[in-house]
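Text of final03.json, listed as JSON, C-alpha atoms:
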[["chain", "number", "residue", "atom", "x", "y", "z"],
["D", 772, "MET", "CA", 190.38, -72.98, 47.32],
["D", 773, "LYS", "CA", 189.48, -75.32, 50.16],
["D", 774, "GLN", "CA", 186.96, -78.07, 49.59],
["D", 775, "TRP", "CA", 183.68, -77.28, 51.24],
["D", 776, "GLY", "CA", 181.73, -79.87, 53.21],
["D", 777, "MET", "CA", 179.04, -81.94, 51.57],
["D", 778, "ALA", "CA", 178.64, -81.43, 47.85],
["D", 779, "LEU", "CA", 175.45, -81.97, 45.85],
["D", 780, "ALA", "CA", 173.86, -85.35, 45.16],
["D", 781, "ALA", "CA", 172.53, -84.37, 41.77],
["D", 782, "LEU", "CA", 173.23, -81.85, 39.05],
["D", 783, "LEU", "CA", 171.20, -80.62, 36.17],
["D", 784, "LEU", "CA", 172.43, -80.85, 32.61],
["D", 785, "LEU", "CA", 170.65, -78.86, 29.96],
["D", 786, "GLY", "CA", 169.19, -80.86, 27.08],
["D", 787, "ALA", "CA", 167.56, -80.08, 23.75],
["D", 788, "CYS", "CA", 164.30, -78.18, 23.86],
["D", 789, "GLY", "CA", 165.03, -77.23, 27.45],
["D", 790, "LYS", "CA", 164.44, -80.75, 28.84],
["D", 791, "GLN", "CA", 166.35, -81.44, 32.06],
["D", 792, "GLN", "CA", 168.60, -84.44, 32.36],
["D", 793, "GLU", "CA", 170.15, -85.57, 35.60],
["D", 794, "GLU", "CA", 173.58, -87.01, 36.23],
["D", 795, "ASP", "CA", 174.85, -88.34, 39.51],
["D", 796, "TYR", "CA", 177.12, -85.94, 41.31],
["D", 797, "GLN", "CA", 179.07, -87.88, 43.91],
["D", 798, "PRO", "CA", 179.07, -86.30, 47.37],
["D", 799, "THR", "CA", 182.12, -85.92, 49.54],
["D", 800, "PHE", "CA", 181.68, -86.19, 53.26],
["D", 801, "SER", "CA", 183.33, -84.05, 55.89],
["D", 802, "THR", "CA", 185.17, -85.47, 58.86],
["D", 803, "ARG", "CA", 183.59, -83.01, 61.29],
["D", 804, "GLY", "CA", 183.34, -84.42, 64.79],
["D", 805, "VAL", "CA", 180.60, -84.24, 67.39],
["D", 806, "ASP", "CA", 182.12, -81.06, 68.84],
["D", 807, "ALA", "CA", 182.16, -79.28, 65.48],
["D", 808, "PRO", "CA", 180.30, -75.96, 65.09],
["D", 809, "ARG", "CA", 176.62, -76.07, 64.20],
["D", 810, "GLU", "CA", 175.89, -76.47, 60.49],
["D", 811, "TYR", "CA", 173.94, -73.82, 58.60],
["D", 812, "ILE", "CA", 172.52, -74.53, 55.15],
["D", 813, "VAL", "CA", 173.01, -71.83, 52.52],
["D", 814, "GLY", "CA", 170.63, -72.00, 49.56],
["D", 815, "ILE", "CA", 171.18, -70.13, 46.29],
["D", 816, "HIS", "CA", 168.32, -69.75, 43.85],
["D", 817, "PRO", "CA", 169.00, -71.43, 40.49],
["D", 818, "LEU", "CA", 170.68, -68.74, 38.45],
["D", 819, "HIS", "CA", 172.74, -71.60, 37.02],
["D", 820, "ASN", "CA", 172.49, -75.36, 36.81],
["D", 821, "PRO", "CA", 173.58, -76.97, 40.13],
["D", 822, "LYS", "CA", 177.11, -77.90, 39.06],
["D", 823, "ARG", "CA", 177.87, -74.42, 37.75],
["D", 824, "LEU", "CA", 176.25, -72.80, 40.79],
["D", 825, "VAL", "CA", 178.52, -74.80, 43.10],
["D", 826, "GLU", "CA", 181.55, -73.72, 41.10],
["D", 827, "VAL", "CA", 180.81, -70.01, 41.44],
["D", 828, "TYR", "CA", 179.25, -69.86, 44.92],
["D", 829, "GLY", "CA", 181.32, -72.57, 46.60],
["D", 830, "PRO", "CA", 184.31, -70.23, 47.11],
["D", 831, "ILE", "CA", 182.06, -67.69, 48.81],
["D", 832, "VAL", "CA", 180.80, -70.32, 51.25],
["D", 833, "ASP", "CA", 184.44, -71.33, 51.79],
["D", 834, "GLN", "CA", 185.16, -67.72, 52.71],
["D", 835, "LEU", "CA", 182.29, -67.70, 55.22],
["D", 836, "ASN", "CA", 183.71, -70.82, 56.85],
["D", 837, "ALA", "CA", 187.20, -69.32, 56.99],
["D", 838, "SER", "CA", 185.98, -66.02, 58.41],
["D", 839, "ILE", "CA", 183.41, -67.35, 60.90],
["D", 840, "PRO", "CA", 184.89, -70.49, 62.54],
["D", 841, "GLN", "CA", 182.13, -70.52, 65.17],
["D", 842, "ALA", "CA", 179.71, -71.84, 62.52],
["D", 843, "TYR", "CA", 179.87, -74.25, 59.60],
["D", 844, "PHE", "CA", 178.16, -73.24, 56.35],
["D", 845, "ARG", "CA", 177.12, -75.79, 53.72],
["D", 846, "LEU", "CA", 176.07, -74.74, 50.24],
["D", 847, "GLU", "CA", 173.02, -76.46, 48.81],
["D", 848, "ALA", "CA", 171.88, -75.96, 45.22],
["D", 849, "SER", "CA", 168.51, -76.89, 43.75],
["D", 850, "ARG", "CA", 167.69, -78.33, 40.35],
["D", 851, "ASN", "CA", 165.07, -75.71, 39.54],
["D", 852, "HIS", "CA", 163.02, -72.86, 40.96],
["D", 853, "GLU", "CA", 160.20, -75.13, 42.10],
["D", 854, "GLU", "CA", 162.56, -77.22, 44.23],
["D", 855, "PHE", "CA", 164.33, -74.15, 45.60],
["D", 856, "GLU", "CA", 161.08, -72.45, 46.57],
["D", 857, "LYS", "CA", 159.74, -75.60, 48.25],
["D", 858, "LYS", "CA", 162.86, -75.63, 50.45],
["D", 859, "LEU", "CA", 162.74, -71.88, 51.10],
["D", 860, "TYR", "CA", 159.08, -71.67, 52.02],
["D", 861, "GLY", "CA", 159.45, -74.87, 54.04],
["D", 862, "ARG", "CA", 162.18, -73.16, 56.12],
["D", 863, "HIS", "CA", 164.82, -75.66, 55.06],
["D", 864, "PHE", "CA", 167.51, -73.03, 54.46],
["D", 865, "ASP", "CA", 169.14, -71.11, 57.29],
["D", 866, "PHE", "CA", 170.49, -68.54, 54.84],
["D", 867, "ALA", "CA", 169.43, -68.07, 51.23],
["D", 868, "MET", "CA", 170.04, -65.79, 48.30],
["D", 869, "SER", "CA", 166.73, -65.58, 46.48],
["D", 870, "ASN", "CA", 165.30, -63.51, 43.68],
["D", 871, "PRO", "CA", 163.29, -60.48, 44.81],
["D", 872, "TYR", "CA", 159.91, -62.18, 44.28],
["D", 873, "GLU", "CA", 160.99, -65.19, 46.35],
["D", 874, "SER", "CA", 162.51, -62.89, 48.95],
["D", 875, "VAL", "CA", 159.30, -60.92, 49.42],
["D", 876, "ARG", "CA", 157.33, -64.16, 49.76],
["D", 877, "SER", "CA", 159.88, -65.64, 52.18],
["D", 878, "LEU", "CA", 159.07, -62.91, 54.72],
["D", 879, "LYS", "CA", 155.74, -64.68, 55.28],
["D", 880, "HIS", "CA", 157.64, -67.83, 56.22],
["D", 881, "GLY", "CA", 159.84, -66.35, 58.91],
["D", 882, "TYR", "CA", 162.78, -64.94, 56.98],
["D", 883, "HIS", "CA", 164.10, -61.41, 56.93],
["D", 884, "VAL", "CA", 166.36, -59.55, 54.52],
["D", 885, "PHE", "CA", 169.89, -58.71, 55.66],
["D", 886, "GLY", "CA", 171.77, -58.14, 52.41],
["D", 887, "LYS", "CA", 171.58, -58.20, 48.64],
["D", 888, "MET", "CA", 173.50, -58.37, 45.41],
["D", 889, "GLY", "CA", 174.83, -54.99, 44.39],
["D", 890, "ASN", "CA", 174.69, -53.34, 40.98],
["D", 891, "ASP", "CA", 170.92, -52.84, 40.87],
["D", 892, "GLU", "CA", 171.30, -51.20, 37.47],
["D", 893, "MET", "CA", 172.11, -54.68, 36.19],
["D", 894, "PHE", "CA", 168.99, -56.32, 37.60],
["D", 895, "ARG", "CA", 167.06, -56.26, 34.36],
["D", 896, "GLY", "CA", 165.41, -58.76, 32.13],
["D", 897, "ILE", "CA", 166.70, -59.09, 28.59],
["D", 898, "ILE", "CA", 165.32, -60.85, 25.53],
["D", 899, "LEU", "CA", 167.83, -62.58, 23.27],
["D", 900, "VAL", "CA", 167.53, -63.65, 19.65],
["D", 901, "ARG", "CA", 169.90, -65.30, 17.22],
["D", 902, "LYS", "CA", 171.47, -62.74, 14.93],
["D", 903, "ASP", "CA", 170.37, -64.77, 11.92],
["D", 904, "ASN", "CA", 166.73, -65.48, 12.78],
["D", 905, "GLY", "CA", 165.12, -62.38, 11.28],
["D", 906, "ILE", "CA", 163.34, -61.09, 14.40],
["D", 907, "ARG", "CA", 163.22, -57.31, 14.10],
["D", 908, "LYS", "CA", 160.31, -56.04, 16.22],
["D", 909, "VAL", "CA", 158.46, -57.38, 19.24],
["D", 910, "THR", "CA", 155.36, -58.30, 17.26],
["D", 911, "ASP", "CA", 157.48, -60.61, 15.07],
["D", 912, "LEU", "CA", 157.27, -63.01, 18.01],
["D", 913, "LYS", "CA", 153.55, -63.61, 17.57],
["D", 914, "GLY", "CA", 152.83, -67.27, 17.04],
["D", 915, "LYS", "CA", 156.36, -68.29, 18.07],
["D", 916, "LYS", "CA", 158.03, -69.98, 21.04],
["D", 917, "VAL", "CA", 159.82, -67.91, 23.68],
["D", 918, "SER", "CA", 161.87, -69.49, 26.48],
["D", 919, "PHE", "CA", 161.86, -68.41, 30.11],
["D", 920, "SER", "CA", 163.53, -69.97, 33.14],
["D", 921, "ALA", "CA", 160.54, -70.33, 35.50],
["D", 922, "PRO", "CA", 157.20, -68.58, 36.11],
["D", 923, "THR", "CA", 158.49, -67.13, 39.42],
["D", 924, "ASP", "CA", 161.81, -65.78, 38.13],
["D", 925, "LEU", "CA", 161.40, -62.01, 38.39],
["D", 926, "ALA", "CA", 164.26, -60.74, 36.23],
["D", 927, "ALA", "CA", 164.32, -63.53, 33.67],
["D", 928, "THR", "CA", 160.59, -64.17, 33.28],
["D", 929, "MET", "CA", 158.17, -61.69, 34.85],
["D", 930, "MET", "CA", 159.99, -58.54, 33.79],
["D", 931, "PRO", "CA", 160.48, -59.70, 30.16],
["D", 932, "GLN", "CA", 156.84, -60.85, 30.01],
["D", 933, "TYR", "CA", 155.70, -57.44, 31.25],
["D", 934, "TYR", "CA", 157.92, -55.80, 28.64],
["D", 935, "LEU", "CA", 156.29, -57.88, 25.91],
["D", 936, "HIS", "CA", 152.87, -57.01, 27.33],
["D", 937, "THR", "CA", 153.58, -53.28, 27.08],
["D", 938, "HIS", "CA", 154.89, -53.65, 23.51],
["D", 939, "GLY", "CA", 151.98, -55.35, 21.81],
["D", 940, "ILE", "CA", 152.19, -59.01, 22.85],
["D", 941, "ASP", "CA", 149.52, -60.86, 24.82],
["D", 942, "VAL", "CA", 151.86, -63.33, 26.52],
["D", 943, "ASN", "CA", 148.98, -65.65, 27.36],
["D", 944, "ARG", "CA", 147.78, -65.93, 23.74],
["D", 945, "ASP", "CA", 150.24, -64.57, 21.21],
["D", 946, "ILE", "CA", 153.31, -66.67, 22.09],
["D", 947, "GLU", "CA", 154.10, -70.13, 23.43],
["D", 948, "ASN", "CA", 155.84, -69.72, 26.78],
["D", 949, "LEU", "CA", 158.42, -72.43, 27.42],
["D", 950, "TYR", "CA", 159.64, -72.64, 31.03],
["D", 951, "VAL", "CA", 162.95, -74.47, 30.71],
["D", 952, "GLY", "CA", 164.26, -74.57, 34.29],
["D", 953, "SER", "CA", 167.19, -72.15, 34.37],
["D", 954, "GLN", "CA", 168.45, -68.98, 32.78],
["D", 955, "GLU", "CA", 171.30, -70.84, 31.12],
["D", 956, "SER", "CA", 168.83, -73.23, 29.56],
["D", 957, "SER", "CA", 166.82, -70.31, 28.19],
["D", 958, "ILE", "CA", 169.97, -68.91, 26.56],
["D", 959, "LEU", "CA", 170.88, -72.29, 25.10],
["D", 960, "ASN", "CA", 167.40, -72.79, 23.66],
["D", 961, "VAL", "CA", 167.86, -69.58, 21.68],
["D", 962, "LEU", "CA", 171.34, -70.58, 20.61],
["D", 963, "ARG", "CA", 170.15, -73.97, 19.34],
["D", 964, "GLY", "CA", 167.23, -72.44, 17.46],
["D", 965, "HIS", "CA", 164.55, -74.21, 19.50],
["D", 966, "VAL", "CA", 162.82, -70.88, 20.22],
["D", 967, "ALA", "CA", 162.52, -67.58, 18.40],
["D", 968, "ALA", "CA", 163.65, -65.66, 21.48],
["D", 969, "GLY", "CA", 164.64, -66.31, 25.05],
["D", 970, "ALA", "CA", 164.60, -64.27, 28.23],
["D", 971, "THR", "CA", 167.29, -64.12, 30.87],
["D", 972, "SER", "CA", 168.84, -61.57, 33.22],
["D", 973, "THR", "CA", 171.73, -59.25, 32.50],
["D", 974, "VAL", "CA", 173.80, -60.92, 35.25],
["D", 975, "ALA", "CA", 173.31, -64.41, 33.79],
["D", 976, "TRP", "CA", 174.01, -63.10, 30.28],
["D", 977, "LYS", "CA", 177.21, -61.41, 31.43],
["D", 978, "SER", "CA", 178.37, -64.64, 33.03],
["D", 979, "PHE", "CA", 177.51, -66.65, 29.90],
["D", 980, "ARG", "CA", 179.43, -64.23, 27.68],
["D", 981, "GLN", "CA", 182.50, -64.45, 29.94],
["D", 982, "GLU", "CA", 182.47, -68.24, 29.89],
["D", 983, "ASN", "CA", 181.32, -68.80, 26.27],
["D", 984, "PRO", "CA", 182.34, -65.81, 24.12],
["D", 985, "GLU", "CA", 182.14, -67.66, 20.78],
["D", 986, "LEU", "CA", 178.64, -68.95, 21.48],
["D", 987, "ALA", "CA", 177.47, -65.61, 22.83],
["D", 988, "ALA", "CA", 178.66, -63.92, 19.63],
["D", 989, "GLN", "CA", 175.87, -65.71, 17.76],
["D", 990, "LEU", "CA", 173.23, -63.96, 19.86],
["D", 991, "GLU", "CA", 172.15, -60.39, 20.44],
["D", 992, "VAL", "CA", 170.23, -58.56, 23.15],
["D", 993, "LYS", "CA", 167.17, -57.37, 21.28],
["D", 994, "TRP", "CA", 165.26, -55.75, 24.15],
["D", 995, "GLN", "CA", 165.78, -55.04, 27.84],
["D", 996, "THR", "CA", 163.53, -54.06, 30.73],
["D", 997, "GLU", "CA", 163.82, -51.41, 33.40],
["D", 998, "SER", "CA", 165.71, -52.30, 36.60],
["D", 999, "LEU", "CA", 164.63, -53.27, 40.13],
["D", 1000, "PRO", "CA", 166.47, -54.04, 43.40],
["D", 1001, "SER", "CA", 168.58, -57.15, 42.88],
["D", 1002, "ASN", "CA", 168.57, -60.58, 44.54],
["D", 1003, "ALA", "CA", 168.30, -60.56, 48.33],
["D", 1004, "TRP", "CA", 170.09, -62.42, 51.08],
["D", 1005, "VAL", "CA", 167.58, -63.65, 53.67],
["D", 1006, "VAL", "CA", 168.05, -65.40, 57.01],
["D", 1007, "ARG", "CA", 165.59, -67.53, 58.98],
["D", 1008, "ASP", "CA", 164.23, -65.96, 62.15],
["D", 1009, "ASP", "CA", 165.71, -68.60, 64.52],
["D", 1010, "VAL", "CA", 169.31, -67.95, 63.40],
["D", 1011, "PRO", "CA", 171.21, -65.84, 65.97],
["D", 1012, "PRO", "CA", 171.19, -62.19, 64.82],
["D", 1013, "ILE", "CA", 174.90, -61.84, 65.61],
["D", 1014, "LEU", "CA", 175.66, -64.63, 63.12],
["D", 1015, "ALA", "CA", 173.61, -62.95, 60.37],
["D", 1016, "GLU", "CA", 175.54, -59.75, 61.08],
["D", 1017, "LYS", "CA", 178.84, -61.58, 60.70],
["D", 1018, "VAL", "CA", 177.72, -63.15, 57.43],
["D", 1019, "SER", "CA", 176.64, -59.81, 56.03],
["D", 1020, "LYS", "CA", 180.00, -58.25, 56.94],
["D", 1021, "VAL", "CA", 181.88, -61.02, 55.14],
["D", 1022, "LEU", "CA", 179.71, -60.69, 52.02],
["D", 1023, "VAL", "CA", 179.88, -56.89, 51.88],
["D", 1024, "GLY", "CA", 183.62, -57.02, 52.54],
["D", 1025, "LEU", "CA", 184.41, -59.29, 49.59],
["D", 1026, "ASN", "CA", 185.12, -56.38, 47.25],
["D", 1027, "GLY", "CA", 187.80, -55.18, 49.65],
["D", 1028, "THR", "CA", 190.24, -57.95, 48.76],
["D", 1029, "ALA", "CA", 191.70, -59.15, 45.47],
["D", 1030, "GLU", "CA", 190.52, -62.69, 46.13],
["D", 1031, "GLY", "CA", 187.03, -61.48, 46.97],
["D", 1032, "ARG", "CA", 186.82, -59.38, 43.80],
["D", 1033, "ILE", "CA", 187.67, -62.47, 41.76],
["D", 1034, "MET", "CA", 184.78, -64.32, 43.42],
["D", 1035, "LEU", "CA", 182.39, -61.45, 42.72],
["D", 1036, "LYS", "CA", 183.50, -61.21, 39.10],
["D", 1037, "ARG", "CA", 182.48, -64.83, 38.58],
["D", 1038, "LEU", "CA", 179.01, -63.86, 39.78],
["D", 1039, "GLY", "CA", 178.87, -60.98, 37.30],
["D", 1040, "ILE", "CA", 178.69, -58.28, 40.00],
["D", 1041, "SER", "CA", 181.11, -55.95, 41.77],
["D", 1042, "ARG", "CA", 179.77, -56.15, 45.34],
["D", 1043, "PHE", "CA", 177.15, -57.22, 47.87],
["D", 1044, "ASP", "CA", 175.26, -54.55, 49.82],
["D", 1045, "TYR", "CA", 173.46, -54.32, 53.16],
["D", 1046, "ALA", "CA", 169.66, -54.34, 52.82],
["D", 1047, "THR", "CA", 166.38, -54.67, 54.73],
["D", 1048, "GLY", "CA", 162.83, -55.64, 53.84],
["D", 1049, "GLU", "CA", 162.08, -52.01, 53.01],
["D", 1050, "THR", "CA", 164.62, -52.18, 50.21],
["D", 1051, "TYR", "CA", 162.14, -54.33, 48.30],
["D", 1052, "GLU", "CA", 159.08, -52.07, 48.43],
["D", 1053, "PRO", "CA", 159.52, -51.25, 44.69],
["D", 1054, "VAL", "CA", 159.36, -55.00, 44.02],
["D", 1055, "ARG", "CA", 156.09, -55.32, 45.95],
["D", 1056, "GLN", "CA", 154.57, -52.54, 43.87],
["D", 1057, "TYR", "CA", 155.86, -54.05, 40.62],
["D", 1058, "LEU", "CA", 154.36, -57.44, 41.48],
["D", 1059, "LYS", "CA", 150.95, -55.84, 42.03],
["D", 1060, "ILE", "CA", 151.09, -54.24, 38.58],
["D", 1061, "PHE", "CA", 152.32, -57.44, 36.92],
["D", 1062, "SER", "CA", 149.67, -59.55, 38.63],
["D", 1063, "ALA", "CA", 146.89, -57.23, 37.46],
["D", 1064, "ALA", "CA", 148.15, -56.79, 33.90],
["D", 1065, "VAL", "CA", 149.80, -60.05, 32.84],
["D", 1066, "ARG", "CA", 149.06, -63.05, 35.08],
["D", 1067, "HIS", "CA", 148.33, -63.56, 38.73],
["D", 1068, "VAL", "CA", 151.22, -64.12, 41.16],
["D", 1069, "ASP", "CA", 150.93, -64.42, 44.95]]
Mind converting the file's structure to structure tokens?
Amino acid sequence: MKQWGMALAALLLLGACGKQQEEDYQPTFSTRGVDAPREYIVGIHPLHNPKRLVEVYGPIVDQLNASIPQAYFRLEASRNHEEFEKKLYGRHFDFAMSNPYESVRSLKHGYHVFGKMGNDEMFRGIILVRKDNGIRKVTDLKGKKVSFSAPTDLAATMMPQYYLHTHGIDVNRDIENLYVGSQESSILNVLRGHVAAGATSTVAWKSFRQENPELAAQLEVKWQTESLPSNAWVVRDDVPPILAEKVSKVLVGLNGTAEGRIMLKRLGISRFDYATGETYEPVRQYLKIFSAAVRHVD
């Protein structure tokens, strides 16, 4: 794979009890001249810690650069959801892949949907426990700690919290909610025994199992939610429409080549799809229900 432009200045390492530790990640600088194509920043919401996210999404950005020489795409990861959302709602990203909640909100800040992750049947929240911790039913979690990535993570936080709500748990009183920064961190908190259970998404869990089969074998999926439309690709309204169309064609076309299928497999999906804002109407309705029943979200 080709190296891709500027790398990150910082990466997140997961520590005990979900605390984030930072380690310098040395940037490399491109030799692009003054006549080089315009740069476009591509943001990916923190499914993984920044270093891991660069490893799995960097090749896709490389493919965009190879396929669309008229533009230069630079991947930018964020340490956590709060940082990512600040950049997204501040219109820092030209292109972004955001979770459905963030995508719906981004429309108010001048973005529109042009694509999405495929495999919607996999966009579910799951709740993991250690096989040896004795948790049998949902109400066994009362009085215990449960890890989540971030309050605004739809699949890995909101959907599992709504599941708990509909199965006898008052998530605001019956459990201690620990927001640990990323889905990987939530998984690791369960593995290390720091929490009784942890929520994540099926995509993140699939990726973790592929990369860490021996660790994953110590855990089990105890409960899972229903599905919703998966993560969206959004583009800022001042980006030329023809460029967004080219990007969408490259993304959707990845599953048509052996190299592209390898890239997609590392993401835990089989394809990207075309999409519009209307694709996410079920998400808007879900957020209304969640906001009324569990806790308020914008």
Shortest interatomic distance to Glu1016 in chain D - which of D:Lys857, D:Gly886, D:Tyr934, D:Ile1040, counting all atoms listed in the file |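 Ranking D:Lys857, D:Gly886, D:Tyr934, D:Ile1040 by distance to Glu1016 in chain D, first place goes to D:Gly886.
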Selected residue, from D:Gly914, D:Arg1007, D:Glu853, D:His938, that lies nearest to His880 in chain D when counting all atoms listed in the file |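 Closest to His880 in chain D of all the choices is D:Arg1007.
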Please identify all polymer residues within 8 Å of Ser1019 in chain D, counting all atoms listed in the file, omitting same-chain residues fewer than 2 positions from it, and present them as a list in words.
-> Phe885, Gly886, Ala1015, Glu1016, Lys1017, Val1021, Leu1022, Val1023 and Tyr1045 of chain D
Any idea what's packed within 8 Å of His816 in chain D, counting all atoms listed in the file, ignoring anything in its chain fewer than 4 positions away? Could you give it as a ChimeraX atom specification?
-> /D:848-849,852,855,867-870
Do a neighbour search on Ala921 in chain D at 10 Å with only C-alpha atoms, toss out local chain neighbours closer than 4 positions, and write the hits as an MDAnalysis selection string.
-> chainID D and resid 817 851:853 925 927:929 948:954 957
Grab the CA of Lys913 in chain D to CA of Gln995 in chain D distance for me, in Å with one decimal place.
-> 18.1 Å
Given all atoms listed in the file, how would the per-residue table for range 930-1017 of chain D near range 858-865 of chain D read, listing every residue at most 10 Å away with its closest atom pair and distance in Å to one decimal, sorted by chain and number, as CSV?
residue,atom,partner,partner_atom,distance
D:Val1005,CA,D:Asp865,CA,8.4
D:Val1006,CA,D:Asp865,CA,5.8
D:Arg1007,CA,D:Asp865,CA,5.3
D:Asp1008,CA,D:Asp865,CA,8.6
D:Asp1009,CA,D:Asp865,CA,8.4
D:Val1010,CA,D:Asp865,CA,6.9
D:Ala1015,CA,D:Asp865,CA,9.8
List the neighbours of Ala987 in chain D out to 10 Å using all atoms listed in the file; skip same-chain residues closer than 2 positions along the sequence, and give me the result as a count of residues only.
-> 16
Just give me the gap between CA of Gly939 in chain D and CA of Ser1062 in chain D in Å, one decimal is fine.
->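 Atom-to-atom, CA of Gly939 in chain D and CA of Ser1062 in chain D are spaced 17.5 Å apart.
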Sorted per-residue table, range 903-988 of chain D near range 891-896 of chain D, closest atoms and distance, 6 Å, all atoms listed in the file, as CSV:
residue,atom,partner,partner_atom,distance
D:Ala926,CA,D:Gly896,CA,4.7
D:Ala927,CA,D:Gly896,CA,5.1
D:Met930,CA,D:Gly896,CA,5.7
D:Pro931,CA,D:Gly896,CA,5.4
D:Thr971,CA,D:Gly896,CA,5.8
D:Ser972,CA,D:Gly896,CA,4.6
D:Thr973,CA,D:Arg895,CA,5.8
Using only C-alpha atoms, can you list as an MDAnalysis selection string the residues within 7 Å of (162.3, -68.3, 15.0)?
-> chainID D and resid 904 915 964 966:967
Dump N, CA, C and O atoms of range 986-999 of chain D from the given block, as a CSV table (one decimal), in the first residue's frame.
chain,number,residue,atom,x,y,z
D,986,LEU,N,-8.5,-13.7,23.0
D,986,LEU,CA,-9.1,-12.8,24.0
D,986,LEU,C,-10.6,-12.9,23.8
D,986,LEU,O,-11.4,-12.9,24.8
D,987,ALA,N,-11.1,-12.8,22.6
D,987,ALA,CA,-12.5,-12.8,22.3
D,987,ALA,C,-13.2,-14.1,22.9
D,987,ALA,O,-14.4,-14.1,23.3
D,988,ALA,N,-12.4,-15.2,22.9
D,988,ALA,CA,-13.0,-16.5,23.4
D,988,ALA,C,-13.4,-16.5,24.8
D,988,ALA,O,-14.1,-17.3,25.3
D,989,GLN,N,-12.9,-15.5,25.6
D,989,GLN,CA,-13.2,-15.3,27.0
D,989,GLN,C,-14.5,-14.6,27.2
D,989,GLN,O,-15.0,-14.6,28.3
D,990,LEU,N,-15.0,-14.1,26.1
D,990,LEU,CA,-16.3,-13.3,26.2
D,990,LEU,C,-17.4,-13.9,25.5
D,990,LEU,O,-17.2,-14.8,24.6
D,991,GLU,N,-18.6,-13.5,25.8
D,991,GLU,CA,-19.8,-14.0,25.0
D,991,GLU,C,-20.8,-12.8,24.8
D,991,GLU,O,-20.9,-11.9,25.7
D,992,VAL,N,-21.5,-12.9,23.7
D,992,VAL,CA,-22.5,-11.9,23.4
D,992,VAL,C,-23.8,-12.4,24.2
D,992,VAL,O,-24.3,-13.4,23.9
D,993,LYS,N,-24.1,-11.6,25.2
D,993,LYS,CA,-25.2,-12.0,26.1
D,993,LYS,C,-26.6,-11.5,25.5
D,993,LYS,O,-27.6,-12.3,25.5
D,994,TRP,N,-26.6,-10.3,25.0
D,994,TRP,CA,-27.8,-9.8,24.4
D,994,TRP,C,-27.5,-8.9,23.2
D,994,TRP,O,-26.4,-8.4,23.1
D,995,GLN,N,-28.4,-8.8,22.3
D,995,GLN,CA,-28.3,-7.9,21.1
D,995,GLN,C,-29.5,-7.1,20.8
D,995,GLN,O,-30.6,-7.6,21.1
D,996,THR,N,-29.4,-6.0,20.2
D,996,THR,CA,-30.5,-5.1,19.9
D,996,THR,C,-31.1,-5.4,18.5
D,996,THR,O,-30.5,-6.2,17.7
D,997,GLU,N,-32.1,-4.7,18.1
D,997,GLU,CA,-32.6,-4.7,16.7
D,997,GLU,C,-31.6,-3.9,15.9
D,997,GLU,O,-30.7,-3.3,16.4
D,998,SER,N,-31.8,-3.9,14.6
D,998,SER,CA,-30.9,-3.2,13.7
D,998,SER,C,-31.5,-1.9,13.2
D,998,SER,O,-32.7,-1.7,13.2
D,999,LEU,N,-30.6,-1.0,12.7
D,999,LEU,CA,-30.9,0.3,12.1
D,999,LEU,C,-30.0,0.5,10.9
D,999,LEU,O,-29.0,-0.2,10.7
